Amino acid sequence: MSAKHHHKQIWVVLVFFSSVFRSVLNILATLLLVSSLLSLIISPERFPLLAYMGLLFPFIIVFIAFLALYNVARRKWKNAIFEALLLIMALPASLTYCPLHKPTTDIPDGVIKLLSWNVMAFDYSKHLPDKPNPVMSYLQQSDADIICLQEAYLTNDKSKMLTLEQVKDFLPNFPYVDNRNAQGDGSNLMILSKFPIEHIREIPLKSRFNGAVAYRLNINGKEVELVNVHLETSGVKANDGEEYFDLVKEGRAVELSKKVYFKLGPSFARRAAQVDRLALDISTSLRSTPYVILCGDFNDTPMSYARHRLTGNLVDLYRKTGLGPGYSFNLKGLGLRIDHMLASPAIKGYNCTVDASVNASDHKPIYCYLQLGE
């Protein structure tokens with residue numbers, strides 16, 4: 001056999017395995033994408049692995065886009081077209097993750113501004129006459145009409161931290177204030193409203209720490225059901241990201257997977273049960289009023305069963321009117337949007353925004369202008 005013929009055989013084998021490798025990559029990309037999309041509709045109580053795939057959605061999109069660009073550069077048009085079709089299939093989910101709505105200046109008169117924020121115990125800071133609490137200063141300047149807070153811990157001793165009396169004195173424009181524990185010693189949920197609160201009820205969610213409170217408000221003669229939620233906490237803190245990235249760099253994949261599983265796995269299932277309960281509660285509320293709002297710290301991303309389940313009867317206002325990924329929580333350089341604002345179709349939203357300029361908590365506030373339909 002001549003050397004030329006031998007080299008030709010080697011080239012044929014390499015081309016064959018290269019083609020097989022690209023096919024395997026396309027199969028892998030398809031499986032990853034389908035799994036991440038299924039995470040929206042299949043409860044983590046039934047199949048917890050899919051919840052992790054939802055978290056990986058942006059990385060999966062980047063992976064598919066990289067394959068498409070690589071195949072375009074190599075002029076492998078069939079593979080590039082296949083990957084382009086995958087990206088098209090993922091487009092609605094991609095726009096949920098990162099909406100592209102230009103902010104409007106055409107906001108009608110009579111809208112109300114709703115603000116929601118996990119304030120991390122008011123930054124654990126005192127409130128002094130010459131040095132106001134940073135969270136309180138932001139709320140005072142926010143021009144909001146209704147404010148929903150999570151982790152709004154207060155004290156009876158103003159020498160240690162913020163008191164309820166100080167909140168009321170510093171924010172006199174909000175005559176209607178309620179602050180209560182979601183559970184016995186759990187997360188504090190607070191509302192500050194310029195509109196009368198006619199009724200308050202705690203929604204029984206199974207949790208040792210997290211929960212939800214529903215307020216029936218009278219907004220210019222219209223009954224509005226506003227639900228302030230703090231769904232099951234994952235237990236992940238901002239500084240955990242450093243440890244996770246160190247494990248990635250050291251190649252300790254097994255240890256990393258165990259740590260992530262024990263941090264996130266149980267909370268996925270508990271949140272699923274909580275949102276199933278909330279979805280039933282929202283359906284009941286819509287029978288008595290067309291105006292229902294749900295906002296707060298979901299502890300889950302746009303690509304999650306939790307957010308998707310609650311959009312069954314409600315509209316995601318950030319998805320409808322927001323711009324960009326809107327990261328409301330930062331995990332060591334990895335942005336996540338885990339604070340959300342939803343409303344029934346009878347309420348029109350404008351310019352839903354996550355205010356990235358604020359550093360007074362480990363979360364960013366989210367706000368939206370709302371118009372109650374006739």
# chains A, B, ... in the order shown; residues from 1 in each chain; ligands from 1
call {"tool": "residues_around", "arguments": {"residues": "segment 217-230 of chain A", "least_positions_apart": "4", "cutoff": "8 Å", "atoms": "only C-alpha atoms", "output": "PyMOL selection string"}}
result
chain A and resi 148-150+187+189+195-199+210-213+285+289-299
call {"tool": "residues_around", "arguments": {"residues": "Phe268 of chain A", "least_positions_apart": "2", "cutoff": "9 Å", "atoms": "only C-alpha atoms", "output": "number ranges by chain"}}
result
A: 43-45, 48, 51, 232, 234, 264-266, 270-273, 300, 305-306
call {"tool": "select_by_dssp", "arguments": {"residues": "segment 116-361 of chain A", "states": "strand (DSSP E)", "output": "PyMOL selection string"}}
result
chain A and resi 116-118+146-150+176-181+188-193+197-203+211-219+222-230+292-297+315-316+329-331+334-336+339-343+347-354
call {"tool": "write_last_selection", "arguments": {"atoms": "C-alpha atoms", "output": "compact mmCIF listing (two decimals), in the first residue's frame"}}
result
# COMPACT_ATOMS: atom_id res chain seq x y z
CA SER A 116 -40.55 45.09 46.11
CA TRP A 117 -37.26 44.42 47.88
CA ASN A 118 -35.57 41.84 50.08
CA ILE A 146 -46.82 50.73 47.71
CA ILE A 147 -43.73 48.96 49.05
CA CYS A 148 -43.44 45.24 49.78
CA LEU A 149 -40.39 44.12 51.75
CA GLN A 150 -38.96 40.73 52.61
CA TYR A 176 -50.85 52.00 56.28
CA VAL A 177 -48.08 49.73 57.54
CA ASP A 178 -48.00 46.06 58.48
CA ASN A 179 -45.03 43.94 59.50
CA ARG A 180 -45.28 40.29 60.50
CA ASN A 181 -43.41 37.00 60.48
CA ASN A 188 -40.54 39.29 58.15
CA LEU A 189 -42.89 40.49 55.44
CA MET A 190 -43.76 44.19 55.47
CA ILE A 191 -46.06 46.44 53.46
CA LEU A 192 -46.06 50.23 53.38
CA SER A 193 -49.04 51.63 51.51
CA ILE A 197 -55.48 47.99 53.76
CA GLU A 198 -58.93 46.47 54.27
CA HIS A 199 -57.90 42.93 55.13
CA ILE A 200 -54.72 40.93 55.81
CA ARG A 201 -54.31 37.17 55.76
CA GLU A 202 -51.33 34.87 55.96
CA ILE A 203 -51.23 32.21 53.26
CA GLY A 211 -44.13 32.30 53.53
CA ALA A 212 -46.61 34.74 52.01
CA VAL A 213 -49.05 37.42 53.16
CA ALA A 214 -52.04 38.69 51.15
CA TYR A 215 -53.35 42.23 51.56
CA ARG A 216 -56.72 43.42 50.26
CA LEU A 217 -56.19 47.06 49.29
CA ASN A 218 -58.65 49.76 48.31
CA ILE A 219 -56.93 51.62 45.47
CA LYS A 222 -60.96 49.24 43.36
CA GLU A 223 -60.28 46.11 45.38
CA VAL A 224 -56.77 44.82 44.76
CA GLU A 225 -55.32 41.60 46.16
CA LEU A 226 -51.59 42.08 46.71
CA VAL A 227 -49.50 39.06 47.74
CA ASN A 228 -46.05 39.58 49.24
CA VAL A 229 -43.96 36.39 49.06
CA HIS A 230 -40.64 35.08 50.24
CA VAL A 292 -54.29 40.53 41.67
CA ILE A 293 -50.59 41.28 42.16
CA LEU A 294 -47.87 38.94 43.39
CA CYS A 295 -44.35 40.14 44.12
CA GLY A 296 -41.32 39.33 46.20
CA ASP A 297 -38.29 37.10 46.56
CA VAL A 315 -48.38 38.13 33.71
CA ASP A 316 -44.67 38.47 34.45
CA PHE A 329 -28.96 38.88 43.21
CA ASN A 330 -25.27 38.40 42.60
CA LEU A 331 -23.45 35.17 43.43
CA LEU A 334 -22.89 35.26 38.58
CA GLY A 335 -26.06 37.34 38.22
CA LEU A 336 -29.49 35.88 38.93
CA ASP A 339 -37.06 38.69 42.57
CA HIS A 340 -40.18 38.96 40.45
CA MET A 341 -43.37 40.95 40.00
CA LEU A 342 -46.52 39.41 38.49
CA ALA A 343 -50.01 40.80 37.92
CA ILE A 347 -53.44 45.38 35.33
CA LYS A 348 -51.11 46.94 32.77
CA GLY A 349 -47.47 47.37 33.68
CA TYR A 350 -44.93 49.92 32.50
CA ASN A 351 -41.13 49.90 32.72
CA CYS A 352 -40.59 47.11 35.21
CA THR A 353 -37.04 47.65 36.44
CA VAL A 354 -34.46 46.04 38.70
call {"tool": "residues_around", "arguments": {"residues": "His127 of chain A", "least_positions_apart": "3", "cutoff": "12 Å", "atoms": "only C-alpha atoms", "output": "ChimeraX atom specification"}}
result
/A:122-124,130-137,154-155,157-167,169-170
call {"tool": "atom_distance", "arguments": {"atom1": "atom CA of Ile366 of chain A", "atom2": "atom CA of Phe209 of chain A"}}
result
22.4 Å
